[in-house]
$ cat start11.cif   # mmCIF, C-alpha atoms
data_run
loop_
_atom_site.label_atom_id
_atom_site.label_comp_id
_atom_site.auth_asym_id
_atom_site.auth_seq_id
_atom_site.Cartn_x
_atom_site.Cartn_y
_atom_site.Cartn_z
CA MET A 157 7.42 3.47 -23.54
CA LYS A 158 3.66 3.42 -22.95
CA ILE A 159 2.38 2.66 -19.45
CA SER A 160 -1.19 2.16 -18.27
CA VAL A 161 -1.87 3.10 -14.65
CA ILE A 162 -4.96 1.31 -13.34
CA GLY A 163 -6.40 3.51 -10.61
CA ALA A 164 -6.76 7.28 -10.48
CA GLY A 165 -6.70 7.96 -6.75
CA SER A 166 -3.94 9.92 -5.04
CA PHE A 167 -1.17 7.39 -5.52
CA GLY A 168 -2.29 6.36 -8.99
CA THR A 169 -2.13 10.02 -9.95
CA ALA A 170 1.30 10.40 -8.37
CA MET A 171 2.64 7.30 -10.14
CA SER A 172 1.27 8.58 -13.44
CA MET A 173 3.23 11.77 -12.88
CA ILE A 174 6.38 9.80 -12.03
CA ALA A 175 6.05 7.66 -15.15
CA ALA A 176 5.62 10.80 -17.26
CA ARG A 177 8.69 12.40 -15.67
CA CYS A 178 10.60 9.26 -16.63
CA GLY A 179 9.71 10.03 -20.23
CA HIS A 180 6.86 7.58 -20.79
CA GLN A 181 3.44 8.08 -22.33
CA VAL A 182 0.81 7.33 -19.66
CA LYS A 183 -2.85 6.40 -19.76
CA MET A 184 -4.55 6.44 -16.36
CA TRP A 185 -7.77 4.46 -15.87
CA SER A 186 -10.47 5.61 -13.46
CA HIS A 187 -13.72 3.93 -12.46
CA ASP A 188 -15.14 7.43 -11.83
CA PRO A 189 -16.28 8.83 -15.19
CA ALA A 190 -15.82 12.41 -13.97
CA ILE A 191 -12.05 12.04 -13.68
CA PRO A 192 -11.12 11.37 -17.36
CA GLY A 193 -13.35 14.25 -18.44
CA GLY A 194 -11.82 16.57 -15.87
CA ILE A 195 -8.29 15.65 -16.89
CA ALA A 196 -9.11 16.16 -20.56
CA GLN A 197 -10.47 19.64 -19.82
CA THR A 198 -7.98 20.95 -17.25
CA GLY A 199 -4.94 18.65 -17.26
CA ARG A 200 -5.55 17.97 -13.57
CA ASN A 201 -7.28 15.21 -11.62
CA PRO A 202 -10.46 16.92 -10.36
CA SER A 203 -10.73 14.66 -7.31
CA TYR A 204 -7.18 13.85 -6.14
CA LEU A 205 -4.01 15.94 -5.96
CA VAL A 206 -6.03 18.70 -7.59
CA ASP A 207 -3.24 21.28 -7.33
CA PHE A 208 -0.90 19.40 -9.67
CA SER A 209 -0.79 19.67 -13.44
CA LEU A 210 -0.34 16.18 -14.91
CA GLY A 211 1.48 17.29 -18.03
CA GLU A 212 1.03 16.45 -21.69
CA LYS A 213 2.25 12.86 -21.36
CA VAL A 214 -0.65 11.82 -19.09
CA ALA A 215 -4.09 11.05 -20.51
CA ALA A 216 -7.04 9.38 -18.78
CA THR A 217 -9.72 6.89 -19.72
CA GLY A 218 -12.76 5.23 -18.23
CA SER A 219 -12.34 2.17 -20.45
CA LEU A 220 -10.36 -0.85 -19.29
CA ALA A 221 -10.24 -2.04 -22.89
CA ASP A 222 -8.57 1.23 -23.85
CA ALA A 223 -6.09 0.95 -20.96
CA ALA A 224 -5.26 -2.68 -21.79
CA ALA A 225 -4.70 -1.93 -25.47
CA PHE A 226 -2.51 1.09 -24.75
CA SER A 227 0.42 -0.75 -23.17
CA ASP A 228 1.82 -4.12 -22.14
CA VAL A 229 2.91 -2.64 -18.80
CA LEU A 230 0.14 -2.17 -16.23
CA VAL A 231 0.76 -0.32 -12.98
CA MET A 232 -1.96 -1.50 -10.59
CA VAL A 233 -2.96 1.10 -7.98
CA VAL A 234 -6.45 0.03 -6.93
CA PRO A 235 -7.57 -0.79 -3.36
CA SER A 236 -6.85 -4.37 -2.35
CA HIS A 237 -10.55 -5.23 -1.97
CA HIS A 238 -11.14 -4.27 -5.64
CA TYR A 239 -7.91 -5.79 -7.00
CA ARG A 240 -9.35 -9.15 -8.04
CA SER A 241 -12.51 -7.73 -9.62
CA VAL A 242 -10.61 -5.11 -11.63
CA LEU A 243 -8.17 -7.74 -12.94
CA GLU A 244 -11.10 -9.98 -13.86
CA LEU A 245 -12.61 -7.13 -15.87
CA LEU A 246 -9.23 -6.40 -17.47
CA LYS A 247 -8.38 -9.94 -18.49
CA PRO A 248 -10.69 -10.26 -21.53
CA HIS A 249 -9.06 -7.16 -23.02
CA ILE A 250 -5.47 -8.42 -22.66
CA LYS A 251 -4.34 -9.63 -26.09
CA GLU A 252 -0.64 -10.15 -25.38
CA ARG A 253 1.01 -11.42 -22.20
CA VAL A 254 1.20 -8.47 -19.84
CA LYS A 255 3.72 -7.13 -17.36
CA VAL A 256 2.23 -5.95 -14.05
CA ILE A 257 3.80 -3.61 -11.50
CA SER A 258 1.63 -3.51 -8.38
CA ALA A 259 1.62 -0.52 -6.03
CA THR A 260 -1.32 -1.74 -3.93
CA LYS A 261 -0.63 -2.29 -0.24
CA GLY A 262 -3.05 -4.79 1.24
CA ILE A 263 -4.13 -8.40 1.73
CA GLU A 264 -7.41 -9.83 0.43
CA SER A 265 -9.61 -10.26 3.49
CA ASP A 266 -11.49 -13.48 2.69
CA THR A 267 -8.69 -15.44 0.98
CA LEU A 268 -5.68 -13.87 2.77
CA ALA A 269 -4.05 -13.68 -0.67
CA ARG A 270 -1.36 -11.14 -1.52
CA MET A 271 -1.69 -9.11 -4.70
CA SER A 272 0.94 -11.20 -6.50
CA GLU A 273 -1.10 -14.32 -5.77
CA ILE A 274 -4.31 -12.67 -7.00
CA ALA A 275 -2.62 -11.54 -10.22
CA SER A 276 -1.34 -15.06 -10.86
CA GLN A 277 -4.72 -16.64 -10.11
CA VAL A 278 -6.73 -14.25 -12.27
CA LEU A 279 -4.42 -13.64 -15.21
CA GLY A 280 -2.83 -17.07 -15.43
CA ARG A 281 -0.88 -17.43 -18.67
CA SER A 282 -1.75 -13.85 -19.62
CA LEU A 283 0.67 -12.66 -16.90
CA ARG A 284 4.16 -12.33 -18.34
CA SER A 285 5.94 -10.76 -15.33
CA PHE A 286 4.94 -9.35 -11.94
CA ALA A 287 6.62 -6.86 -9.62
CA VAL A 288 5.52 -5.04 -6.48
CA LEU A 289 6.52 -1.46 -5.69
CA SER A 290 6.46 -0.27 -2.09
CA GLY A 291 8.19 2.01 0.38
CA PRO A 292 7.81 5.37 2.16
CA THR A 293 5.88 7.18 -0.57
CA PHE A 294 3.21 9.68 0.44
CA ALA A 295 1.38 10.56 -2.77
CA LEU A 296 1.44 14.33 -2.19
CA GLU A 297 5.20 14.48 -1.65
CA THR A 298 5.87 12.07 -4.51
CA ALA A 299 3.80 14.22 -6.87
CA ARG A 300 5.48 17.38 -5.59
CA GLY A 301 8.86 16.00 -6.58
CA ASP A 302 10.35 15.60 -3.12
CA PRO A 303 13.30 13.17 -3.29
CA THR A 304 11.71 9.77 -2.64
CA ALA A 305 13.13 6.24 -2.48
CA ALA A 306 11.23 2.96 -2.68
CA VAL A 307 11.83 -0.66 -3.62
CA VAL A 308 10.52 -2.85 -6.45
CA ALA A 309 10.49 -6.64 -6.12
CA SER A 310 10.03 -9.46 -8.61
CA THR A 311 10.88 -13.12 -8.44
CA SER A 312 12.53 -12.45 -11.80
CA SER A 313 15.66 -10.42 -11.13
CA ASP A 314 15.57 -9.29 -14.76
CA PHE A 315 12.08 -7.82 -14.40
CA ALA A 316 12.95 -6.28 -11.01
CA GLU A 317 15.77 -4.41 -12.74
CA GLU A 318 13.57 -3.54 -15.72
CA ALA A 319 10.86 -2.08 -13.48
CA GLN A 320 13.50 -0.25 -11.46
CA LYS A 321 14.84 1.47 -14.57
CA LEU A 322 11.36 2.10 -15.96
CA LEU A 323 10.17 4.18 -13.00
CA SER A 324 13.36 5.77 -11.62
CA CYS A 325 13.96 9.43 -12.40
CA GLY A 326 15.42 12.56 -10.82
CA SER A 327 13.11 12.72 -7.79
CA PHE A 328 12.10 9.05 -7.55
CA ARG A 329 14.74 6.38 -6.89
CA LEU A 330 13.96 2.66 -6.85
CA TYR A 331 16.04 -0.17 -5.42
CA ASN A 332 15.41 -3.75 -6.59
CA THR A 333 15.02 -7.08 -4.83
CA THR A 334 13.59 -10.53 -5.52
CA ASP A 335 11.74 -10.71 -2.17
CA VAL A 336 8.15 -10.26 -3.36
CA VAL A 337 6.68 -11.87 -0.22
CA GLY A 338 8.60 -9.61 2.13
CA VAL A 339 7.87 -6.39 0.24
CA GLU A 340 4.14 -7.16 -0.06
CA LEU A 341 3.76 -8.11 3.59
CA ALA A 342 5.82 -5.18 4.89
CA GLY A 343 3.80 -2.70 2.84
CA SER A 344 0.51 -4.18 4.02
CA LEU A 345 1.14 -4.90 7.70
CA LYS A 346 2.69 -1.51 8.51
CA ASN A 347 -0.74 0.05 7.99
CA VAL A 348 -2.08 -1.83 11.01
CA ILE A 349 0.71 -0.46 13.20
CA ALA A 350 0.08 3.03 11.79
CA ILE A 351 -3.50 2.90 13.06
CA ALA A 352 -2.11 2.11 16.50
CA ALA A 353 0.29 5.05 16.22
CA GLY A 354 -2.61 7.32 15.43
CA VAL A 355 -4.50 6.07 18.47
CA LEU A 356 -1.55 7.08 20.64
CA GLU A 357 -1.64 10.56 19.12
CA GLY A 358 -5.39 10.78 19.68
CA LEU A 359 -4.93 9.84 23.33
CA GLY A 360 -2.28 12.52 23.79
CA LEU A 361 0.57 10.10 24.48
CA GLY A 362 4.16 11.04 23.72
CA PHE A 363 7.34 10.09 21.94
CA ASN A 364 8.36 7.32 24.36
CA THR A 365 5.17 5.42 23.63
CA ASN A 366 5.33 5.93 19.89
CA ALA A 367 8.97 4.81 19.67
CA ALA A 368 8.13 1.64 21.58
CA LEU A 369 5.15 0.99 19.32
CA ILE A 370 7.15 1.41 16.10
CA THR A 371 9.95 -0.85 17.35
CA ARG A 372 7.71 -3.62 18.63
CA GLY A 373 5.44 -3.22 15.61
CA LEU A 374 8.38 -3.85 13.33
CA HIS A 375 9.19 -6.93 15.41
CA GLU A 376 5.67 -8.28 14.83
CA ILE A 377 5.71 -7.56 11.11
CA THR A 378 9.10 -9.22 10.75
CA LYS A 379 8.08 -12.37 12.64
CA LEU A 380 5.06 -12.95 10.44
CA GLY A 381 6.95 -11.98 7.31
CA LEU A 382 9.74 -14.45 7.97
CA ALA A 383 7.23 -17.20 8.72
CA LEU A 384 5.64 -16.64 5.30
CA GLY A 385 8.95 -16.64 3.46
CA GLY A 386 10.10 -13.01 3.48
CA ARG A 387 13.71 -12.04 4.09
CA LEU A 388 15.03 -10.23 7.16
CA GLU A 389 16.78 -7.46 5.23
CA THR A 390 13.50 -6.49 3.55
CA PHE A 391 11.90 -5.64 6.88
CA ALA A 392 14.92 -3.56 7.88
CA GLY A 393 14.78 -1.69 4.56
CA LEU A 394 12.59 0.81 2.71
CA ALA A 395 9.52 -1.44 2.43
CA GLY A 396 9.73 -2.36 6.10
CA MET A 397 11.25 0.08 8.55
CA GLY A 398 11.18 2.97 6.08
CA ASP A 399 7.47 2.77 5.31
CA LEU A 400 6.59 1.96 8.92
CA VAL A 401 8.34 5.06 10.27
CA LEU A 402 6.66 7.23 7.64
CA THR A 403 3.13 6.00 8.25
CA CYS A 404 3.48 6.02 12.04
CA THR A 405 4.80 9.58 12.23
CA GLY A 406 3.57 11.44 9.15
CA ALA A 407 0.41 13.54 9.30
CA LEU A 408 -0.40 12.58 5.68
CA SER A 409 -0.91 8.92 6.64
CA ARG A 410 -4.52 7.86 6.09
CA ASN A 411 -4.20 4.92 8.47
CA ARG A 412 -2.66 7.06 11.19
CA SER A 413 -5.51 9.56 10.74
CA VAL A 414 -8.05 6.80 11.37
CA GLY A 415 -6.22 5.94 14.57
CA VAL A 416 -6.12 9.57 15.72
CA ALA A 417 -9.89 9.81 15.35
CA LEU A 418 -10.36 6.52 17.22
CA GLY A 419 -8.12 7.73 20.03
CA ARG A 420 -10.26 10.86 20.32
CA GLY A 421 -13.37 8.75 20.81
CA LYS A 422 -14.89 8.70 17.34
CA ALA A 423 -16.65 5.54 16.14
CA LEU A 424 -15.04 3.64 13.26
CA ALA A 425 -18.26 3.66 11.21
CA ASP A 426 -18.43 7.44 11.43
CA ILE A 427 -14.77 7.81 10.49
CA LEU A 428 -15.19 5.66 7.39
CA ASP A 429 -18.48 7.30 6.39
CA GLU A 430 -16.86 10.73 6.44
CA SER A 431 -13.75 9.68 4.52
CA ARG A 432 -13.41 9.72 0.74
CA TRP A 433 -10.16 7.76 0.77
CA VAL A 434 -9.26 4.16 1.63
CA ALA A 435 -7.30 3.32 4.78
CA GLU A 436 -6.03 -0.17 3.91
CA GLY A 437 -5.06 -0.96 7.50
CA VAL A 438 -8.69 -1.26 8.60
CA LYS A 439 -9.27 -4.30 6.39
CA THR A 440 -5.69 -5.54 6.68
CA SER A 441 -6.02 -5.86 10.46
CA LYS A 442 -8.51 -8.69 9.90
CA ALA A 443 -6.23 -10.46 7.45
CA ALA A 444 -3.16 -9.92 9.65
CA LYS A 445 -4.89 -11.39 12.67
CA ALA A 446 -6.03 -14.39 10.64
CA LEU A 447 -2.55 -14.96 9.19
CA ALA A 448 -0.98 -14.71 12.64
CA GLU A 449 -3.40 -17.30 14.00
CA ARG A 450 -2.89 -19.59 11.01
CA HIS A 451 0.89 -19.53 11.44
CA ARG A 452 0.83 -19.37 15.26
CA ILE A 453 2.69 -16.06 15.41
CA ASP A 454 2.16 -13.88 18.48
CA MET A 455 1.22 -10.37 17.28
CA PRO A 456 -0.14 -8.54 20.36
CA ILE A 457 -0.27 -5.03 18.83
CA THR A 458 -2.13 -6.32 15.79
CA SER A 459 -4.55 -8.19 18.04
CA GLU A 460 -5.31 -5.06 20.05
CA VAL A 461 -5.83 -2.97 16.91
CA TYR A 462 -8.31 -5.60 15.75
CA ARG A 463 -10.15 -5.42 19.08
CA VAL A 464 -10.36 -1.63 18.94
CA LEU A 465 -11.60 -1.67 15.33
CA TYR A 466 -14.01 -4.59 15.44
CA GLU A 467 -14.83 -5.43 19.05
CA ASN A 468 -15.41 -1.90 20.34
CA GLU A 469 -12.51 -2.19 22.76
CA SER A 470 -11.38 0.94 24.59
CA PRO A 471 -7.97 2.10 23.30
CA ARG A 472 -6.81 2.72 26.86
CA VAL A 473 -7.78 -0.80 27.92
CA ALA A 474 -5.94 -2.18 24.87
CA ILE A 475 -2.78 -0.28 25.83
CA GLN A 476 -3.01 -1.45 29.41
CA ARG A 477 -3.32 -5.06 28.26
CA LEU A 478 -0.17 -4.63 26.15
CA MET A 479 1.74 -3.12 29.05
CA SER A 480 0.71 -5.86 31.50
CA ARG A 481 1.72 -8.83 29.35
CA ALA A 482 4.16 -11.34 30.83
CA LEU A 483 7.73 -10.07 30.86
CA LYS A 484 10.11 -11.69 28.38
CA ALA A 485 13.42 -11.30 26.55
CA GLU A 486 13.48 -8.71 23.79
CA ALA A 487 14.52 -11.26 21.18
CA THR A 488 14.59 -15.05 21.18
CA ARG A 489 16.89 -17.27 19.15
#

$ encode --input "start11.cif" --output "C-alpha cells"
Amino acid sequence: MKISVIGAGSFGTAMSMIAARCGHQVKMWSHDPAIPGGIAQTGRNPSYLVDFSLGEKVAATGSLADAAAFSDVLVMVVPSHHYRSVLELLKPHIKERVKVISATKGIESDTLARMSEIASQVLGRSLRSFAVLSGPTFALETARGDPTAAVVASTSSDFAEEAQKLLSCGSFRLYNTTDVVGVELAGSLKNVIAIAAGVLEGLGLGFNTNAALITRGLHEITKLGLALGGRLETFAGLAGMGDLVLTCTGALSRNRSVGVALGRGKALADILDESRWVAEGVKTSKAAKALAERHRIDMPITSEVYRVLYENESPRVAIQRLMSRALKAEATR
C-alpha cells in the first residue's frame, strides 16, 4: 500500500520508517525544502534522526499536492498548532475521500479542539475515516527498531483494526480501541505532567517525589478524560500510564527537558528560543487549564505547571503550594 506521512520531524521520520518496514511505499511531506532534497541525495533526513537510513521505500516531497495524490491514507505528524492550517492546505488536493491516521499529541489552544475534531471540521465529507495513534513511542528508539507498543483508536472498529494491521510489524506492535477521546487526551495531557517531572529533576529532587507526581498526574489526566467521555481503561493503558511513565522518566522526552531547564532556573523564552523541536506540553498546559476550568475539574499539578510557564512562578513555591493543599481521601466515589 502507499502511505503519505505529513510531517518530516523526528516522529514523522520514525513513522515513515515503520510504514516502510511494514512493506508499504511511503512519501513523506516536509515544509522545509531542504529535507526532500537531502533525502533524495543521501537517503537520510538531514535534520532529524540523521543517523538512520530511510531505505528505498521512503521518498520525500515538499508538495502537499504530491503527497495527497500519492495515497488515500495520510499519517498526520505535524505540531498541533499547525494541524488545522496544514489540513486546510491539503484539502483542495484531496480528490477521493481520505483516511487519516493522526500521530499528533496536542490540543488546539484557542478552540480547545482535539485533532479528530479539527480533521472533521476541516475535511468534512472528504474525510472517510479517522484514527489516532499514541503511546510510549520515543522517535529515536522507534526508528532504531527497539520493540515498541502503542495503541490506535477509531470510532469505527473496522478502521481501528485496519490501521492496526497497516502499521504493525516486527518491532512495532499496535493494539486497537474505539476510545478516540481517551487516547487523544491521554497523549496530550501527559506532556504537561512531563514538564513537571523535569522540573523535579532540575531541582534535584528524588524518586519519592517523582513517583508521587506520576501517580497524582495520572489521577488528574483520568478525571478530565472521563469528564470529556474517555474510558477508564484507556488511561490505565499504553496511551495513558504507559506514555506518562515514559515521558516523565525518559531523558529523550522533549517536555521533560523543558522542565529540567526550568527547574535549573532558565527562562522559558530562552529555552524555546534555543530549541529546534516542539515541546507540545508548553501549549497544552494552557488548553488543559482551560478545559479543567470549563468542566470544573480540579487539576492542581496542571495549574502549577501553568503558573510556572506563564506567570513566572517559582517552581519551589509551586511545589510547596501542592504539598500544603487541604488533606483529603486518595479517591472519591

$ atom_distance --input "start11.cif" --atom1 "atom CA of Gly385 of chain A" --atom2 "atom CA of Gly338 of chain A"
7.2 Å

$ atom_distance --input "start11.cif" --atom1 "atom CA of Ala287 of chain A" --atom2 "atom CA of Ile159 of chain A"
14.3 Å

$ closest_residue --input "start11.cif" --among "A:Val234, A:Leu289, A:Ala350, A:Leu424" --to "Glu469 of chain A" --atoms "only C-alpha atoms"
A:Leu424

$ resolve_selection --input "start11.cif" --expression "the PyMOL selection byres ((chain A and resi 419) around 8)" --output "JSON, numbers by chain"
{"A": [354, 355, 356, 357, 358, 359, 415, 416, 417, 418, 420, 421, 422, 471]}

$ write_last_selection --input "start11.cif" --atoms "C-alpha atoms" --output "PDB file, keeping the file's coordinate frame"
ATOM      1  CA  GLY A 354      -2.610   7.320  15.430  1.00  0.00           C
ATOM      2  CA  VAL A 355      -4.500   6.070  18.470  1.00  0.00           C
ATOM      3  CA  LEU A 356      -1.550   7.080  20.640  1.00  0.00           C
ATOM      4  CA  GLU A 357      -1.640  10.560  19.120  1.00  0.00           C
ATOM      5  CA  GLY A 358      -5.390  10.780  19.680  1.00  0.00           C
ATOM      6  CA  LEU A 359      -4.930   9.840  23.330  1.00  0.00           C
ATOM      7  CA  GLY A 415      -6.220   5.940  14.570  1.00  0.00           C
ATOM      8  CA  VAL A 416      -6.120   9.570  15.720  1.00  0.00           C
ATOM      9  CA  ALA A 417      -9.890   9.810  15.350  1.00  0.00           C
ATOM     10  CA  LEU A 418     -10.360   6.520  17.220  1.00  0.00           C
ATOM     11  CA  ARG A 420     -10.260  10.860  20.320  1.00  0.00           C
ATOM     12  CA  GLY A 421     -13.370   8.750  20.810  1.00  0.00           C
ATOM     13  CA  LYS A 422     -14.890   8.700  17.340  1.00  0.00           C
ATOM     14  CA  PRO A 471      -7.970   2.100  23.300  1.00  0.00           C
TER      15      PRO A 471
END

$ residues_around --input "start11.cif" --residues "segment 190-193 of chain A" --least-positions-apart "4" --cutoff "8 Å" --atoms "all atoms listed in the file" --output "ChimeraX atom specification"
/A:164,185-186,197,201-203,215-218

$ closest_residue --input "start11.cif" --among "A:Ile351, A:Ala259, A:Val278, A:Met397" --to "Ala309 of chain A" --atoms "all atoms listed in the file"
A:Ala259

$ residues_near_point --input "start11.cif" --point "(-8.9, -11.7, -19.0)" --cutoff "12 Å" --atoms "all atoms listed in the file" --output "ChimeraX atom specification"
/A:220-221,224,240-254,275-283

$ closest_residue --input "start11.cif" --among "A:Ser285, A:Thr298, A:Thr488, A:Asn347" --to "Glu317 of chain A" --atoms "only C-alpha atoms"
A:Ser285

$ atom_distance --input "start11.cif" --atom1 "atom CA of Ser160 of chain A" --atom2 "atom CA of Gly393 of chain A"
28.1 Å

$ closest_residue --input "start11.cif" --among "A:Leu384, A:Val206, A:Lys346, A:Ser459" --to "Thr371 of chain A" --atoms "only C-alpha atoms"
A:Lys346

$ residues_near_point --input "start11.cif" --point "(1.1, 3.7, 13.4)" --cutoff "12 Å" --atoms "only C-alpha atoms" --output "NGL selection string"
:A and (345-358 or 365-374 or 397 or 399-416 or 437-438 or 457-458 or 461)

$ resolve_selection --input "start11.cif" --expression "the PyMOL selection byres ((chain A and resi 332) around 6)" --output "MDAnalysis selection string"
chainID A and resid 307:309 316 331 333

$ closest_residue --input "start11.cif" --among "A:Ala482, A:Leu330, A:Ile195, A:Ala342" --to "Gly386 of chain A" --atoms "all atoms listed in the file"
A:Ala342

$ resolve_selection --input "start11.cif" --expression "the PyMOL selection byres ((chain A and resi 213) around 6)" --output "ChimeraX atom specification"
/A:176,181-182,211-212,214

$ closest_residue --input "start11.cif" --among "A:Ala170, A:Ala444, A:Leu465, A:Ala269" --to "Met184 of chain A" --atoms "only C-alpha atoms"
A:Ala170
